[in-house]
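**Q** Here you go, this is upload.txt (compact mmCIF, C-alpha atoms).
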# COMPACT_ATOMS: atom_id res chain seq x y z
CA VAL X 1 -20.61 31.17 11.87
CA SER X 2 -20.33 29.63 15.33
CA LEU X 3 -18.50 26.32 15.56
CA THR X 4 -20.53 25.54 18.69
CA VAL X 5 -23.77 25.95 16.75
CA LEU X 6 -22.43 23.53 14.15
CA GLY X 7 -21.89 20.87 16.77
CA VAL X 8 -18.16 21.18 17.40
CA GLY X 9 -17.66 20.35 21.03
CA PRO X 10 -18.69 17.04 22.62
CA GLN X 11 -17.99 14.41 19.99
CA VAL X 12 -20.70 12.03 18.79
CA ALA X 13 -19.82 8.47 19.75
CA VAL X 14 -19.40 6.07 16.83
CA ALA X 15 -20.16 2.40 17.31
CA SER X 16 -17.98 -0.27 15.74
CA ALA X 17 -19.08 -1.45 12.31
CA ALA X 18 -21.71 -4.15 12.73
CA ALA X 19 -23.78 -6.23 10.35
CA ILE X 20 -27.12 -4.42 10.09
CA PRO X 21 -29.75 -6.10 7.87
CA TYR X 22 -30.55 -4.11 4.75
CA ASN X 23 -34.22 -3.68 5.66
CA ASP X 24 -33.21 -2.17 9.03
CA ARG X 25 -31.03 0.49 7.39
CA ARG X 26 -32.07 3.97 6.37
CA LEU X 27 -30.26 6.05 3.76
CA HIS X 28 -30.14 9.82 3.24
CA ILE X 29 -28.65 10.98 -0.07
CA MET X 30 -27.45 14.53 0.60
CA SER X 31 -26.46 16.89 -2.18
CA TYR X 32 -25.48 20.54 -1.76
CA ASN X 33 -26.99 23.09 -4.10
CA SER X 34 -27.30 26.74 -3.05
CA ASP X 35 -29.58 27.63 -5.99
CA VAL X 36 -33.00 28.85 -4.86
CA ASN X 37 -34.52 26.76 -7.68
CA GLN X 38 -32.83 23.53 -6.63
CA ASP X 39 -35.06 21.35 -8.78
CA ARG X 40 -35.08 23.39 -11.98
CA THR X 41 -31.53 23.52 -13.32
CA ARG X 42 -30.49 20.96 -15.96
CA GLN X 43 -28.00 19.46 -13.53
CA ALA X 44 -30.59 19.20 -10.74
CA LYS X 45 -33.19 17.71 -13.11
CA ALA X 46 -30.78 15.01 -14.18
CA PHE X 47 -29.79 14.27 -10.58
CA HIS X 48 -33.42 13.88 -9.47
CA GLN X 49 -34.46 11.95 -12.59
CA SER X 50 -31.60 9.48 -12.21
CA VAL X 51 -32.17 8.86 -8.49
CA LYS X 52 -35.99 8.82 -8.55
CA HIS X 53 -36.35 5.03 -8.80
CA LEU X 54 -33.99 4.53 -5.86
CA SER X 55 -35.72 7.21 -3.80
CA LYS X 56 -39.08 5.45 -4.22
CA SER X 57 -37.89 3.02 -1.57
CA GLU X 58 -39.38 3.87 1.82
CA THR X 59 -35.90 3.45 3.32
CA VAL X 60 -34.25 6.10 1.10
CA LYS X 61 -34.60 9.87 1.26
CA VAL X 62 -33.01 12.56 -0.91
CA ASP X 63 -32.06 15.71 1.03
CA MET X 64 -31.07 18.83 -0.89
CA ILE X 65 -28.90 21.03 1.32
CA GLY X 66 -28.10 24.74 1.07
CA LYS X 67 -31.17 26.11 -0.70
CA GLY X 68 -30.89 29.90 -0.99
CA ILE X 69 -27.71 30.14 1.12
CA PRO X 70 -25.22 32.57 -0.51
CA TRP X 71 -22.11 30.84 -1.80
CA LYS X 72 -19.97 33.69 -0.48
CA PRO X 73 -18.15 34.23 1.82
CA HIS X 74 -17.46 30.57 2.68
CA LEU X 75 -17.44 29.16 -0.89
CA PHE X 76 -16.64 25.41 -0.88
CA PHE X 77 -16.79 25.40 2.91
CA ASN X 78 -20.57 25.81 2.76
CA LYS X 79 -20.78 22.06 2.04
CA PRO X 80 -19.29 20.70 5.30
CA ILE X 81 -21.12 23.43 7.26
CA GLY X 82 -24.47 22.46 5.71
CA TYR X 83 -23.86 18.72 5.90
CA LEU X 84 -22.84 18.80 9.57
CA LYS X 85 -25.85 20.85 10.58
CA HIS X 86 -28.23 18.50 8.73
CA LEU X 87 -26.59 15.32 10.06
CA LEU X 88 -26.88 16.54 13.65
CA GLU X 89 -30.57 17.23 13.03
CA LEU X 90 -30.98 13.68 11.67
CA ILE X 91 -29.47 12.17 14.82
CA GLU X 92 -31.96 14.03 16.99
CA LEU X 93 -34.84 13.12 14.66
CA TYR X 94 -34.10 9.38 14.77
CA LYS X 95 -33.53 9.42 18.52
CA VAL X 96 -37.05 10.82 18.94
CA GLN X 97 -38.34 8.04 16.66
CA GLY X 98 -36.54 5.44 18.76
CA ARG X 99 -34.17 4.38 15.98
CA ASP X 100 -30.48 3.80 16.59
CA PRO X 101 -28.64 6.49 14.57
CA HIS X 102 -25.97 3.91 13.70
CA SER X 103 -28.54 2.18 11.47
CA VAL X 104 -28.96 5.43 9.52
CA PHE X 105 -26.47 6.08 6.71
CA ALA X 106 -25.84 9.05 4.48
CA ILE X 107 -23.98 9.97 1.30
CA MET X 108 -22.50 13.46 1.00
CA LEU X 109 -22.57 13.88 -2.76
CA ASP X 110 -21.70 16.61 -5.23
CA SER X 111 -24.63 17.62 -7.43
CA ASP X 112 -22.90 17.02 -10.80
CA THR X 113 -23.74 13.32 -10.57
CA LEU X 114 -25.84 10.73 -12.42
CA TRP X 115 -27.22 7.62 -10.71
CA SER X 116 -27.16 4.21 -12.39
CA VAL X 117 -28.74 1.93 -9.79
CA THR X 118 -32.44 1.49 -9.02
CA ASN X 119 -32.28 -1.19 -6.29
CA VAL X 120 -31.08 -0.05 -2.88
CA ASP X 121 -29.94 -3.60 -2.01
CA VAL X 122 -27.34 -3.33 -4.82
CA LEU X 123 -26.02 -0.16 -3.22
CA TRP X 124 -25.82 -1.80 0.23
CA ALA X 125 -24.00 -4.84 -1.17
CA LYS X 126 -21.40 -2.67 -2.87
CA PHE X 127 -21.02 -0.45 0.20
CA ASP X 128 -20.41 -3.41 2.52
CA MET X 129 -17.93 -4.90 0.05
CA VAL X 130 -15.94 -1.70 -0.45
CA ARG X 131 -15.81 -0.52 3.16
CA GLU X 132 -14.20 -3.73 4.49
CA GLN X 133 -15.64 -3.09 7.98
CA LYS X 134 -14.35 0.49 8.06
CA GLN X 135 -16.71 3.31 9.00
CA LEU X 136 -16.45 5.49 5.89
CA VAL X 137 -16.08 5.04 2.13
CA VAL X 138 -14.67 7.87 0.01
CA SER X 139 -14.70 8.22 -3.76
CA THR X 140 -11.42 8.24 -5.62
CA GLU X 141 -9.82 9.72 -8.71
CA MET X 142 -6.66 9.22 -10.75
CA ASN X 143 -5.28 12.69 -10.15
CA CYS X 144 -3.84 13.67 -6.76
CA TRP X 145 -5.25 17.05 -5.74
CA VAL X 146 -5.10 18.77 -2.34
CA GLY X 147 -6.13 22.27 -3.32
CA ARG X 148 -3.22 22.19 -5.75
CA MET X 149 -1.55 19.52 -7.83
CA CYS X 150 0.14 17.13 -5.39
CA THR X 151 3.87 17.59 -4.88
CA PRO X 152 6.37 14.87 -3.87
CA GLU X 153 5.99 16.13 -0.30
CA ASP X 154 2.22 15.69 -0.48
CA ILE X 155 2.57 12.12 -1.77
CA ALA X 156 5.01 11.26 1.02
CA ALA X 157 2.69 12.75 3.65
CA TYR X 158 -0.69 11.46 2.46
CA TYR X 159 -0.01 8.46 0.19
CA PRO X 160 3.12 6.64 1.41
CA THR X 161 1.56 3.42 0.05
CA THR X 162 -1.09 2.83 -2.61
CA PRO X 163 -3.20 -0.24 -3.47
CA ARG X 164 -3.57 -1.84 -6.88
CA GLY X 165 -5.25 0.33 -9.49
CA MET X 166 -4.95 3.79 -10.96
CA SER X 167 -7.84 5.46 -9.09
CA VAL X 168 -6.24 5.62 -5.64
CA PHE X 169 -6.42 9.30 -4.61
CA LEU X 170 -9.20 10.73 -2.44
CA ASN X 171 -11.95 12.71 -4.14
CA SER X 172 -14.26 14.72 -1.90
CA GLY X 173 -17.21 14.44 -4.31
CA ALA X 174 -18.74 11.48 -2.46
CA VAL X 175 -18.38 10.20 1.10
CA MET X 176 -20.61 7.50 2.60
CA GLY X 177 -20.99 6.15 6.12
CA SER X 178 -23.28 5.97 9.12
CA VAL X 179 -24.61 9.34 10.24
CA PRO X 180 -22.62 9.26 13.53
CA ALA X 181 -19.43 8.37 11.63
CA LEU X 182 -19.92 11.27 9.20
CA VAL X 183 -20.64 13.64 12.10
CA ALA X 184 -17.48 12.52 13.90
CA MET X 185 -15.43 13.09 10.73
CA LEU X 186 -16.85 16.57 10.13
CA GLN X 187 -16.47 17.52 13.80
CA ASP X 188 -12.84 16.42 13.64
CA VAL X 189 -12.27 18.55 10.54
CA MET X 190 -14.09 21.55 12.04
CA ALA X 191 -11.98 21.37 15.19
CA THR X 192 -8.62 21.63 13.38
CA ASP X 193 -6.49 24.72 13.92
CA GLU X 194 -6.67 25.51 10.20
CA VAL X 195 -10.45 25.73 10.25
CA LYS X 196 -10.53 27.75 13.46
CA THR X 197 -8.03 30.17 11.93
CA TYR X 198 -10.15 30.34 8.79
CA PHE X 199 -13.25 31.48 10.71
CA SER X 200 -11.20 33.88 12.81
CA LEU X 201 -9.75 35.53 9.70
CA ARG X 202 -13.21 35.71 8.12
CA GLN X 203 -14.29 37.90 11.01
CA THR X 204 -11.69 40.51 10.11
CA ASP X 205 -11.67 40.01 6.33
CA PRO X 206 -15.21 38.82 5.40
CA ASP X 207 -15.08 39.94 1.78
CA ASN X 208 -12.01 37.96 0.80
CA THR X 209 -12.97 35.13 -1.57
CA ASP X 210 -9.66 34.22 -3.18
CA GLY X 211 -9.33 30.98 -1.22
CA LYS X 212 -6.14 32.01 0.55
CA TYR X 213 -7.36 30.80 3.95
CA LEU X 214 -7.88 27.15 3.09
CA LYS X 215 -6.98 24.96 0.13
CA GLY X 216 -10.38 23.28 -0.13
CA ASP X 217 -12.56 20.54 1.32
CA GLN X 218 -10.59 17.86 -0.54
CA TYR X 219 -7.43 19.03 1.21
CA LEU X 220 -9.13 18.84 4.63
CA LEU X 221 -10.58 15.38 3.96
CA THR X 222 -7.22 14.12 2.71
CA LYS X 223 -5.60 15.29 5.95
CA TYR X 224 -8.38 13.60 7.94
CA MET X 225 -7.79 10.37 6.01
CA SER X 226 -4.06 10.48 6.70
CA ARG X 227 -4.81 10.75 10.44
CA ASN X 228 -7.49 8.03 10.39
CA ARG X 229 -6.49 5.37 7.88
CA ASN X 230 -8.19 2.70 10.00
CA LEU X 231 -11.57 4.42 9.55
CA VAL X 232 -11.61 5.28 5.84
CA ALA X 233 -11.95 2.86 2.90
CA PHE X 234 -11.10 4.01 -0.63
CA ASP X 235 -13.37 2.99 -3.50
CA THR X 236 -10.41 2.29 -5.78
CA ARG X 237 -12.40 0.12 -8.25
CA GLN X 238 -15.12 2.76 -8.39
CA ASP X 239 -17.77 0.17 -7.46
CA LEU X 240 -19.85 2.86 -5.77
CA PHE X 241 -18.59 6.18 -7.09
CA ALA X 242 -17.27 6.48 -10.64
CA THR X 243 -15.58 9.40 -12.36
CA PHE X 244 -15.66 10.63 -15.94
CA ASN X 245 -12.13 11.99 -15.48
CA ILE X 246 -9.32 9.78 -16.80
CA ASN X 247 -5.60 10.58 -16.85
CA HIS X 248 -2.73 8.86 -18.56
CA LEU X 249 0.85 9.38 -19.56
CA LYS X 250 0.14 10.62 -23.08
CA THR X 251 -2.68 12.60 -24.62
CA ARG X 252 -3.52 15.33 -27.09
CA ARG X 253 -4.04 17.81 -24.23
CA ALA X 254 -0.34 18.28 -23.61
CA ASN X 255 -0.86 21.54 -21.76
CA ILE X 256 -2.81 19.97 -18.86
CA LYS X 257 -0.52 18.08 -16.48
CA ARG X 258 -1.56 15.95 -13.52
CA THR X 259 -0.10 13.86 -10.69
CA CYS X 260 -0.88 10.14 -11.00
CA LYS X 261 0.49 6.61 -10.64
CA LYS X 262 2.73 5.29 -13.39
CA SER X 263 0.95 1.93 -13.45
CA ALA X 264 -1.83 -0.01 -11.73
CA ALA X 265 0.63 -2.09 -9.70
CA PRO X 266 0.47 -1.70 -5.89
CA ASN X 267 2.81 1.05 -4.67
CA ALA X 268 3.75 1.96 -8.24
CA PRO X 269 5.73 5.23 -8.39
CA VAL X 270 3.86 8.49 -8.76
CA GLN X 271 4.78 10.85 -11.55
CA TYR X 272 4.06 14.54 -11.90
CA ASP X 273 3.45 14.94 -15.63
CA CYS X 274 0.43 12.71 -16.28
CA LEU X 275 -1.95 14.15 -18.84
CA MET X 276 -5.71 14.04 -19.20
CA ILE X 277 -7.15 11.67 -21.77
CA TYR X 278 -8.88 13.88 -24.31
CA PRO X 279 -12.62 13.55 -23.60
CA LYS X 280 -13.55 13.03 -27.26
CA MET X 281 -11.19 10.06 -27.34
CA LEU X 282 -13.26 8.42 -24.60
CA LEU X 283 -16.52 9.16 -26.37
CA VAL X 284 -15.31 7.98 -29.77
CA ASP X 285 -13.97 4.86 -28.07
CA LYS X 286 -17.41 4.46 -26.44
CA ALA X 287 -15.82 3.97 -23.02
CA PHE X 288 -19.20 4.84 -21.45
CA LEU X 289 -22.36 3.02 -22.49
CA SER X 290 -25.94 4.27 -22.02
CA HIS X 291 -28.80 1.83 -21.55
CA THR X 292 -32.48 2.29 -22.33
CA ASP X 293 -33.29 0.48 -19.08
CA GLN X 294 -33.66 3.41 -16.64
CA CYS X 295 -31.21 5.32 -18.90
CA ALA X 296 -28.32 4.05 -16.75
CA LEU X 297 -24.62 4.27 -17.59
CA SER X 298 -21.93 1.61 -17.47
CA ARG X 299 -18.39 1.06 -18.66
CA ASN X 300 -18.24 -0.47 -22.12
CA TYR X 301 -15.17 -2.67 -21.90
CA SER X 302 -15.83 -4.52 -25.17
CA ALA X 303 -15.72 -1.32 -27.25
CA VAL X 304 -12.50 0.07 -25.76
CA VAL X 305 -9.72 -0.36 -28.29
CA ASP X 306 -7.25 2.32 -27.19
CA SER X 307 -4.55 0.58 -25.13
CA ARG X 308 -4.17 3.60 -22.84
CA VAL X 309 -7.83 3.50 -21.88
CA GLN X 310 -7.77 -0.30 -21.55
CA GLN X 311 -4.92 -0.15 -19.03
CA ILE X 312 -6.90 2.21 -16.83
CA VAL X 313 -10.43 0.80 -16.96
CA ARG X 314 -9.73 -2.92 -16.86
CA ASP X 315 -9.49 -2.92 -13.03
CA MET X 316 -12.61 -0.78 -12.57
CA SER X 317 -16.20 -1.80 -11.99
CA ALA X 318 -18.35 -1.98 -15.10
CA THR X 319 -21.48 -0.98 -13.18
CA PRO X 320 -20.86 1.81 -10.66
CA VAL X 321 -23.73 3.13 -8.54
CA VAL X 322 -23.27 6.82 -9.36
CA TRP X 323 -21.14 8.83 -11.82
CA HIS X 324 -19.40 12.10 -10.92
CA GLY X 325 -18.29 14.80 -13.36
CA ASN X 326 -15.29 15.94 -11.34
CA GLY X 327 -12.42 18.05 -12.67
CA ASP X 328 -11.90 17.79 -16.42
CA GLY X 329 -14.47 14.99 -16.38
CA LYS X 330 -17.12 17.70 -16.48
CA LEU X 331 -16.54 17.85 -20.24
CA VAL X 332 -17.72 14.25 -20.55
CA TYR X 333 -20.38 14.71 -17.86
CA GLU X 334 -22.06 17.50 -19.83
CA ILE X 335 -22.32 15.24 -22.89
CA MET X 336 -23.62 12.28 -20.88
CA LEU X 337 -26.00 14.62 -19.02
CA LYS X 338 -27.60 15.63 -22.31
CA LYS X 339 -27.84 12.00 -23.42
CA PHE X 340 -29.44 11.04 -20.11
CA LEU X 341 -32.03 13.84 -20.21
CA ASN X 342 -32.96 12.94 -23.80
CA CYS X 343 -33.29 9.29 -22.85
CA ALA X 344 -35.33 10.09 -19.72
CA SER X 345 -37.72 12.25 -21.75
CA GLY X 346 -38.04 9.58 -24.43
CA LYS X 347 -36.87 11.93 -27.18
CA VAL X 348 -34.08 9.81 -28.63
CA PRO X 349 -32.38 6.48 -27.85
CA PRO X 350 -29.40 6.88 -25.44
Could you write out this structure as structure tokens?
**A**
Amino acid sequence: VSLTVLGVGPQVAVASAAAIPYNDRRLHIMSYNSDVNQDRTRQAKAFHQSVKHLSKSETVKVDMIGKGIPWKPHLFFNKPIGYLKHLLELIELYKVQGRDPHSVFAIMLDSDTLWSVTNVDVLWAKFDMVREQKQLVVSTEMNCWVGRMCTPEDIAAYYPTTPRGMSVFLNSGAVMGSVPALVAMLQDVMATDEVKTYFSLRQTDPDNTDGKYLKGDQYLLTKYMSRNRNLVAFDTRQDLFATFNINHLKTRRANIKRTCKKSAAPNAPVQYDCLMIYPKMLLVDKAFLSHTDQCALSRNYSAVVDSRVQQIVRDMSATPVVWHGNGDGKLVYEIMLKKFLNCASGKVPP
């Protein structure tokens, strides 16, 4: 794979964040799925069903990236490769149409997601609120992961300070910004020595798929964030991007340890033996609520009785835009996926 072909070279200029009226904005929702039958898997069906009302807007387009591209040899790295190529094509397309690319926005989104908003103006309002005039918004999680569980050295390097809340660590499952800002970020990542070394080693060892060359896209984005804190806003309340994955200090799954904050206080210490809340505890506690209206999901604060769950969710948005089944949250995602598909088909109440 040629880095020049992917656009690494002359950097795309990024304008300062400006107030662009909602009706002048365009949005591309990009999700990577290498399956030839991108629309036929259960996961893909749920993704498309949940976003269909939003995508009916003439200002919103859903772009599925990676169709039929083999996952090997680049594995997770197929996502930034595919996204960068598509974003560069979008810039050229809108230039031909006479539209300023800075008025075109995109979301790079993992496919194990469920949408819960049908009005694009709601999405824009939350995006403008969360980004605080920065160019990019990234999703967050409660567990610190950089291709491995974060060590004290990782925390010191990447998270010397943390805001209020428990969900303060970067998650690469969703990144949103203007198309030029996303291109600049991906070009920066692609131009790092680590990535150049990765492609060089692939030339001599193309069959190696054990991940020894790079720790993952989340690691690369975390490093980018640490170099560009003035450009990246963290969605710590999960107003835009929510997760089904919740960690805490005690749980029944004592064999699964995580790295997380000890409390929601700003700059609270980080500890290295947090444990995942057992998914069935969340479901029994009805921490997530399904609605018959568009089969959307929300947080069900009134039903949460477990004090450990209360401590975590009380600072989070009740109505996120999209839900992500990252990490151990996939266990809950699979259950909510089934509920959503049943609701969308009209088979049973949610």
**Q** List the neighbours of Val322 (chain X) out to 12 Å using all atoms listed in the file; skip same-chain residues closer than 4 positions along the sequence, and give me the result as a ChimeraX atom specification.
**A** /X:29,47,50-51,54,107,109-118,122-123,126,139,173-174,238-244,296-299,317-318,333
**Q** Report the distance between CA of Ser57 (chain X) and CA of Asn23 (chain X) in Å, rounded to one decimal place.
**A** 10.5 Å
**Q** How many Å separate CA of Asp235 (chain X) from CA of Phe127 (chain X)?
**A**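 CA of Phe127 (chain X) lies at a distance of 9.2 Å from CA of Asp235 (chain X).
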**Q** Just how far from CA of Ser172 (chain X) is CA of Lys61 (chain X), in Å to one decimal?
**A**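 CA of Lys61 (chain X) sits 21.1 Å away from CA of Ser172 (chain X).
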**Q** Can you tell me which residues surround Met149 (chain X) at a distance of at most 9 Å, considering all atoms listed in the file, apart from same-chain residues fewer than 5 positions away, and format the answer as number ranges by chain?
**A** X: 143-144, 257-259, 272
**Q** Please determine, counting all atoms listed in the file, which residue among X:Asp193, X:Gln97, X:Thr161, X:Gln43 has the shortest atom-to-atom distance to Phe340 (chain X).
**A**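 Nearest candidate to Phe340 (chain X) out of X:Asp193, X:Gln97, X:Thr161, X:Gln43: X:Gln43.
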**Q** Find the residue from X:Arg131, X:Lys196, X:Lys330, X:Lys56 that sits nearest to Leu231 (chain X); use only C-alpha atoms when measuring.
**A** X:Arg131
**Q** Using only C-alpha atoms, which of the listed residues (X:Asn119, X:Asn267, X:Thr204, X:Thr236) sits closest to Tyr159 (chain X)?
**A** X:Asn267
**Q** Give me the residues near His86 (chain X) as a PyMOL selection string, where near means some atom within 10 Å (using all atoms listed in the file) and where sequence neighbours in that chain fewer than 6 positions away do not count.
**A** chain X and resi 6+30+63+65-66+80+179+183
**Q** With C-alpha atoms retained, could you export that selection as a PDB file, keeping the file's coordinate frame?
**A**
ATOM      1  CA  LEU X   6     -22.430  23.530  14.150  1.00  0.00           C
ATOM      2  CA  MET X  30     -27.450  14.530   0.600  1.00  0.00           C
ATOM      3  CA  ASP X  63     -32.060  15.710   1.030  1.00  0.00           C
ATOM      4  CA  ILE X  65     -28.900  21.030   1.320  1.00  0.00           C
ATOM      5  CA  GLY X  66     -28.100  24.740   1.070  1.00  0.00           C
ATOM      6  CA  PRO X  80     -19.290  20.700   5.300  1.00  0.00           C
ATOM      7  CA  VAL X 179     -24.610   9.340  10.240  1.00  0.00           C
ATOM      8  CA  VAL X 183     -20.640  13.640  12.100  1.00  0.00           C
TER       9      VAL X 183
END
**Q** Restricting the calculation to all atoms listed in the file, which member of X:Ala233, X:Ala156, X:Leu182, X:Val332 is positioned closest to Phe105 (chain X)?
**A**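 Checking each candidate against Phe105 (chain X), we get X:Leu182 as the closest.
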**Q** Show which residues sit within 9 Å of Pro163 (chain X), as a ChimeraX atom specification. Count only C-alpha atoms, and ignore same-chain residues fewer than 5 positions away.
**A** /X:168,236,264-268
**Q** Nearest to Gly68 (chain X) among X:Ser302, X:Asn33, X:Leu88, X:His291, with distances taken over all atoms listed in the file: which residue is it?
**A**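 Selected residue with least distance to Gly68 (chain X): X:Asn33.
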**Q** Which is closer to Glu153 (chain X) than all the others in X:Leu341, X:Glu58, X:Val270, X:Ile81, using all atoms listed in the file?
**A**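 When distances to Glu153 (chain X) are compared using all atoms listed in the file, the smallest one comes from X:Val270.
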**Q** Name the residues, using the chain letters and numbers of the file, that sit within 9 Å of (-35.1, 1.0, 4.2) when counting only C-alpha atoms, and give them as a PDB file with C-alpha atoms, in the frame of the given file.
**A**
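Final output, saved to point.pdb:
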ATOM      1  CA  TYR X  22     -30.550  -4.110   4.750  1.00  0.00           C
ATOM      2  CA  ASN X  23     -34.220  -3.680   5.660  1.00  0.00           C
ATOM      3  CA  ASP X  24     -33.210  -2.170   9.030  1.00  0.00           C
ATOM      4  CA  ARG X  25     -31.030   0.490   7.390  1.00  0.00           C
ATOM      5  CA  ARG X  26     -32.070   3.970   6.370  1.00  0.00           C
ATOM      6  CA  LEU X  27     -30.260   6.050   3.760  1.00  0.00           C
ATOM      7  CA  SER X  57     -37.890   3.020  -1.570  1.00  0.00           C
ATOM      8  CA  GLU X  58     -39.380   3.870   1.820  1.00  0.00           C
ATOM      9  CA  THR X  59     -35.900   3.450   3.320  1.00  0.00           C
ATOM     10  CA  VAL X  60     -34.250   6.100   1.100  1.00  0.00           C
ATOM     11  CA  VAL X 120     -31.080  -0.050  -2.880  1.00  0.00           C
TER      12      VAL X 120
END
